[in-house]
Amino acid sequence: MKFSLVIPAYNEGSHIGSTVRGIVAALNKIGFESEVIVVDNGSTDNTGDAILALKKEISQVSTVRVFPNAGKGNGIVVGFSKTTGDVLGFMDADNQVDPAKVPEVYHKLISESLDFCKTVRVERRESFFRIVQSTVFNFLFRFFFGGNHRDINSSPKIFTRGLYEKLHLVSKDWFLDPEIMIKVTRMGAKTGEVEIIWDARKGGKSHVSLTTALEFIKNMFIYRFFGGR
């Protein structure tokens, strides 16, 4: 069974190389067939050059360029369109997750015959503002949509191709994660979680802002009261 992992990268040139190398090394230790699709999501720094170098260096890596940047969700969905695996996943390029957790999530999905498996951050080494923001967002999500999901935005998220094709994802922005969780819950998919430590960034800067938070709340309201976007 082949695993395809999509990594969207927007201005992550300072550390995308170490992120991808770490993930590929972790996947190779497990020994299953895999591919990593790195999406240059409209970057204006040296991200494009860095991922092209990775493609030449590592046979499992392929690249896609999206320009201009139409949002994180759009970059991920474009990346998925290039995958060939039976199991699909995505994660951030910011190198905040131990690469060994990627095959752990994959293994849990396969060994427990799940449709979907994701991580949940039980320790977060980042700013107080981000932690509070995430706590409030997760509370609002459970209030609007129910369920017992502890961490809506954590990644990697991994699912079977069959489930992915049923999701018909439409979010082009940061709301892709909540859209996935809403649809997975409504479908009654068999899901699982793996606990992780969310490390501090090792380079670059976060692209999450107050505007992002307000966008989340707006989209939750639309989904809850108008049935979608």
# chains A, B, ... in the order shown; residues from 1 in each chain; ligands from 1
>>> select_by_dssp(residues="chain A", states="alpha helix (DSSP H)", output="JSON, numbers by chain")
{"A": [16, 17, 18, 19, 20, 21, 22, 23, 24, 25, 26, 27, 28, 29, 30, 47, 48, 49, 50, 51, 52, 53, 54, 55, 56, 57, 72, 73, 74, 75, 76, 77, 78, 79, 80, 101, 102, 103, 104, 105, 106, 107, 108, 109, 110, 111, 128, 129, 130, 131, 132, 133, 134, 135, 136, 137, 138, 139, 140, 141, 142, 143, 144, 145, 161, 162, 163, 164, 165, 166, 167, 176, 177, 178, 179, 180, 181, 182, 183, 184, 185, 186, 187, 210, 211, 212, 213, 214, 215, 216, 217, 218, 219, 220, 221, 222, 223, 224, 225, 226]}
>>> write_last_selection(atoms="C-alpha atoms", output="compact mmCIF listing (two decimals), in the first residue's frame")
# COMPACT_ATOMS: atom_id res chain seq x y z
CA ILE A 16 11.97 23.14 4.22
CA GLY A 17 15.04 21.04 3.42
CA SER A 18 15.47 19.75 6.97
CA THR A 19 11.72 19.19 7.31
CA VAL A 20 11.45 17.04 4.20
CA ARG A 21 14.68 15.13 4.79
CA GLY A 22 13.55 14.25 8.30
CA ILE A 23 10.16 13.02 7.11
CA VAL A 24 11.59 10.95 4.25
CA ALA A 25 14.14 9.36 6.60
CA ALA A 26 11.35 8.45 9.05
CA LEU A 27 9.22 6.94 6.29
CA ASN A 28 12.15 4.95 4.89
CA LYS A 29 12.83 3.39 8.29
CA ILE A 30 9.36 1.83 8.22
CA THR A 47 11.41 28.05 -1.17
CA GLY A 48 11.04 27.18 -4.85
CA ASP A 49 14.77 26.67 -5.33
CA ALA A 50 15.01 24.67 -2.11
CA ILE A 51 12.29 22.18 -3.06
CA LEU A 52 13.63 21.78 -6.60
CA ALA A 53 16.96 20.84 -5.02
CA LEU A 54 15.13 18.32 -2.82
CA LYS A 55 13.49 16.79 -5.89
CA LYS A 56 16.90 16.22 -7.46
CA GLU A 57 18.31 14.83 -4.22
CA LYS A 72 -3.23 27.10 2.35
CA GLY A 73 -6.22 24.86 1.60
CA ASN A 74 -5.87 25.42 -2.12
CA GLY A 75 -2.21 24.43 -2.01
CA ILE A 76 -3.04 21.20 -0.20
CA VAL A 77 -5.84 20.23 -2.57
CA VAL A 78 -3.62 20.95 -5.60
CA GLY A 79 -1.00 18.72 -4.01
CA PHE A 80 -3.55 15.95 -3.51
CA LYS A 101 5.08 10.72 14.29
CA VAL A 102 4.17 10.61 10.59
CA PRO A 103 4.64 6.84 10.18
CA GLU A 104 3.06 6.38 13.63
CA VAL A 105 -0.16 8.02 12.45
CA TYR A 106 -0.03 5.99 9.22
CA HIS A 107 0.53 2.74 11.12
CA LYS A 108 -2.41 3.41 13.46
CA LEU A 109 -4.70 4.08 10.49
CA ILE A 110 -3.69 0.81 8.79
CA SER A 111 -3.43 -1.45 11.85
CA PHE A 128 0.70 32.05 24.93
CA PHE A 129 -1.44 33.86 22.34
CA ARG A 130 -1.39 30.87 19.98
CA ILE A 131 -2.27 28.44 22.74
CA VAL A 132 -5.21 30.56 23.93
CA GLN A 133 -6.36 31.11 20.34
CA SER A 134 -6.35 27.37 19.67
CA THR A 135 -8.14 26.57 22.94
CA VAL A 136 -10.94 29.03 22.16
CA PHE A 137 -11.24 27.82 18.59
CA ASN A 138 -11.53 24.16 19.62
CA PHE A 139 -14.16 25.04 22.23
CA LEU A 140 -16.23 26.92 19.64
CA PHE A 141 -15.89 24.07 17.16
CA ARG A 142 -17.24 21.52 19.65
CA PHE A 143 -20.03 23.95 20.62
CA PHE A 144 -21.15 24.39 17.00
CA PHE A 145 -20.58 20.88 15.66
CA ARG A 161 -8.12 7.64 -0.64
CA GLY A 162 -11.70 6.38 -0.55
CA LEU A 163 -12.60 8.74 2.28
CA TYR A 164 -10.72 11.66 0.73
CA GLU A 165 -12.67 11.32 -2.51
CA LYS A 166 -15.95 11.44 -0.58
CA LEU A 167 -14.99 14.65 1.25
CA LEU A 176 -9.62 23.30 5.25
CA ASP A 177 -8.79 21.57 8.57
CA PRO A 178 -12.18 22.34 10.16
CA GLU A 179 -13.97 21.43 6.92
CA ILE A 180 -12.30 18.01 7.02
CA MET A 181 -13.28 17.47 10.65
CA ILE A 182 -16.89 18.59 10.07
CA LYS A 183 -17.32 16.25 7.11
CA VAL A 184 -15.51 13.32 8.73
CA THR A 185 -17.78 13.66 11.78
CA ARG A 186 -20.96 13.95 9.73
CA MET A 187 -20.01 10.89 7.67
CA LEU A 210 -5.87 37.62 14.16
CA THR A 211 -7.42 37.82 10.70
CA THR A 212 -7.04 34.05 10.42
CA ALA A 213 -8.88 33.58 13.73
CA LEU A 214 -11.75 35.83 12.64
CA GLU A 215 -11.92 33.95 9.34
CA PHE A 216 -12.24 30.67 11.27
CA ILE A 217 -15.13 31.98 13.35
CA LYS A 218 -16.92 33.39 10.30
CA ASN A 219 -16.63 30.11 8.42
CA MET A 220 -17.81 28.08 11.42
CA PHE A 221 -20.88 30.28 11.61
CA ILE A 222 -21.59 29.81 7.90
CA TYR A 223 -21.17 26.02 8.13
CA ARG A 224 -23.32 25.75 11.23
CA PHE A 225 -26.24 27.91 10.18
CA PHE A 226 -26.16 27.82 6.38
>>> residues_around(residues="range 4-11 of chain A", least_positions_apart="3", cutoff="8 Å", atoms="only C-alpha atoms", output="ChimeraX atom specification")
/A:16,34-47,72,75-76,79-80,83-93,204
>>> select_by_dssp(residues="range 34-211 of chain A", states="strand (DSSP E or B)", output="ChimeraX atom specification")
/A:34-41,61-66,87-90,116-124,157-160,191-198
>>> write_last_selection(atoms="N, CA, C and O atoms", output="short mmCIF file (atom, residue, chain, number, x, y, z; two decimals), in the first residue's frame")
data_model
loop_
_atom_site.label_atom_id
_atom_site.label_comp_id
_atom_site.auth_asym_id
_atom_site.auth_seq_id
_atom_site.Cartn_x
_atom_site.Cartn_y
_atom_site.Cartn_z
N SER A 34 6.34 5.11 -0.41
CA SER A 34 5.81 6.43 -0.11
C SER A 34 6.29 7.45 -1.14
O SER A 34 7.26 7.23 -1.86
N GLU A 35 5.57 8.57 -1.17
CA GLU A 35 5.97 9.73 -1.96
C GLU A 35 5.64 10.98 -1.17
O GLU A 35 4.71 10.99 -0.36
N VAL A 36 6.44 12.02 -1.38
CA VAL A 36 6.22 13.30 -0.70
C VAL A 36 6.08 14.37 -1.76
O VAL A 36 6.99 14.58 -2.57
N ILE A 37 4.92 15.03 -1.78
CA ILE A 37 4.66 16.10 -2.74
C ILE A 37 4.79 17.43 -2.01
O ILE A 37 3.99 17.73 -1.11
N VAL A 38 5.80 18.21 -2.35
CA VAL A 38 6.02 19.51 -1.71
C VAL A 38 5.44 20.59 -2.62
O VAL A 38 5.84 20.70 -3.79
N VAL A 39 4.51 21.38 -2.09
CA VAL A 39 3.85 22.42 -2.88
C VAL A 39 4.47 23.77 -2.56
O VAL A 39 4.43 24.23 -1.42
N ASP A 40 5.07 24.39 -3.57
CA ASP A 40 5.53 25.77 -3.43
C ASP A 40 4.30 26.65 -3.60
O ASP A 40 3.85 26.93 -4.71
N ASN A 41 3.73 27.07 -2.48
CA ASN A 41 2.43 27.72 -2.49
C ASN A 41 2.55 29.24 -2.64
O ASN A 41 2.20 30.01 -1.76
N VAL A 61 10.58 12.51 -3.71
CA VAL A 61 10.03 13.87 -3.65
C VAL A 61 9.63 14.35 -5.03
O VAL A 61 10.39 14.23 -5.99
N SER A 62 8.43 14.90 -5.12
CA SER A 62 8.00 15.61 -6.32
C SER A 62 7.51 16.99 -5.89
O SER A 62 7.20 17.21 -4.72
N THR A 63 7.46 17.90 -6.84
CA THR A 63 7.13 19.28 -6.50
C THR A 63 6.01 19.83 -7.39
O THR A 63 5.82 19.38 -8.52
N VAL A 64 5.28 20.77 -6.82
CA VAL A 64 4.22 21.47 -7.54
C VAL A 64 4.34 22.95 -7.19
O VAL A 64 4.58 23.29 -6.03
N ARG A 65 4.20 23.81 -8.17
CA ARG A 65 4.22 25.25 -7.89
C ARG A 65 2.84 25.83 -8.14
O ARG A 65 2.22 25.61 -9.20
N VAL A 66 2.33 26.56 -7.15
CA VAL A 66 1.06 27.26 -7.26
C VAL A 66 1.36 28.75 -7.17
O VAL A 66 1.98 29.21 -6.21
N VAL A 87 -3.21 5.73 0.41
CA VAL A 87 -3.43 6.46 1.65
C VAL A 87 -2.82 7.85 1.46
O VAL A 87 -1.70 7.98 0.96
N LEU A 88 -3.56 8.90 1.84
CA LEU A 88 -3.12 10.27 1.62
C LEU A 88 -3.03 11.02 2.94
O LEU A 88 -3.78 10.73 3.89
N GLY A 89 -2.12 11.97 3.00
CA GLY A 89 -2.01 12.79 4.19
C GLY A 89 -1.40 14.14 3.87
O GLY A 89 -0.87 14.35 2.78
N PHE A 90 -1.48 15.05 4.84
CA PHE A 90 -0.80 16.33 4.68
C PHE A 90 -0.34 16.81 6.04
O PHE A 90 -0.86 16.42 7.10
N PHE A 116 -9.64 7.53 8.95
CA PHE A 116 -8.98 8.82 9.15
C PHE A 116 -8.24 8.80 10.48
O PHE A 116 -8.75 8.28 11.49
N CYS A 117 -7.03 9.37 10.48
CA CYS A 117 -6.27 9.46 11.72
C CYS A 117 -5.49 10.77 11.72
O CYS A 117 -4.99 11.20 10.67
N LYS A 118 -5.39 11.40 12.88
CA LYS A 118 -4.73 12.69 12.99
C LYS A 118 -3.96 12.76 14.30
O LYS A 118 -4.09 11.89 15.17
N THR A 119 -3.20 13.83 14.45
CA THR A 119 -2.49 14.07 15.69
C THR A 119 -3.29 15.00 16.59
O THR A 119 -4.19 15.72 16.15
N VAL A 120 -2.93 14.99 17.87
CA VAL A 120 -3.48 15.95 18.83
C VAL A 120 -2.32 16.45 19.68
O VAL A 120 -1.52 15.67 20.19
N ARG A 121 -2.20 17.75 19.80
CA ARG A 121 -1.08 18.37 20.51
C ARG A 121 -1.35 18.40 22.01
O ARG A 121 -2.22 19.15 22.45
N VAL A 122 -0.61 17.59 22.76
CA VAL A 122 -0.80 17.54 24.20
C VAL A 122 0.20 18.44 24.93
O VAL A 122 0.05 18.72 26.12
N GLU A 123 1.21 18.88 24.22
CA GLU A 123 2.16 19.87 24.75
C GLU A 123 2.54 20.79 23.60
O GLU A 123 2.86 20.32 22.50
N ARG A 124 2.51 22.09 23.86
CA ARG A 124 2.75 23.06 22.79
C ARG A 124 3.81 24.06 23.23
O ARG A 124 3.60 24.79 24.20
N LYS A 157 -2.61 14.94 9.16
CA LYS A 157 -3.90 14.28 9.01
C LYS A 157 -3.75 13.27 7.87
O LYS A 157 -3.25 13.62 6.80
N ILE A 158 -4.21 12.06 8.11
CA ILE A 158 -4.03 10.99 7.14
C ILE A 158 -5.36 10.26 6.94
O ILE A 158 -6.06 9.97 7.92
N PHE A 159 -5.72 9.95 5.70
CA PHE A 159 -6.96 9.24 5.43
C PHE A 159 -6.81 8.30 4.24
O PHE A 159 -5.86 8.41 3.44
N THR A 160 -7.74 7.38 4.13
CA THR A 160 -7.76 6.51 2.95
C THR A 160 -8.16 7.34 1.74
O THR A 160 -8.86 8.35 1.87
N THR A 191 -12.37 7.00 13.10
CA THR A 191 -11.23 7.91 13.26
C THR A 191 -10.37 7.53 14.46
O THR A 191 -10.79 6.81 15.37
N GLY A 192 -9.14 8.05 14.47
CA GLY A 192 -8.22 7.84 15.58
C GLY A 192 -7.30 9.03 15.75
O GLY A 192 -7.22 9.90 14.87
N GLU A 193 -6.60 9.10 16.88
CA GLU A 193 -5.68 10.19 17.17
C GLU A 193 -4.37 9.66 17.74
O GLU A 193 -4.34 8.62 18.40
N VAL A 194 -3.31 10.39 17.48
CA VAL A 194 -1.99 10.12 18.04
C VAL A 194 -1.52 11.38 18.76
O VAL A 194 -1.52 12.46 18.17
N GLU A 195 -1.13 11.26 20.01
CA GLU A 195 -0.68 12.42 20.77
C GLU A 195 0.74 12.80 20.39
O GLU A 195 1.59 11.94 20.18
N ILE A 196 0.98 14.13 20.30
CA ILE A 196 2.30 14.63 19.93
C ILE A 196 2.68 15.82 20.78
O ILE A 196 1.84 16.44 21.44
N ILE A 197 3.96 16.14 20.75
CA ILE A 197 4.48 17.40 21.28
C ILE A 197 4.67 18.34 20.10
O ILE A 197 5.28 17.96 19.09
N TRP A 198 4.14 19.54 20.20
CA TRP A 198 4.24 20.55 19.13
C TRP A 198 5.41 21.47 19.49
O TRP A 198 5.33 22.28 20.40
#
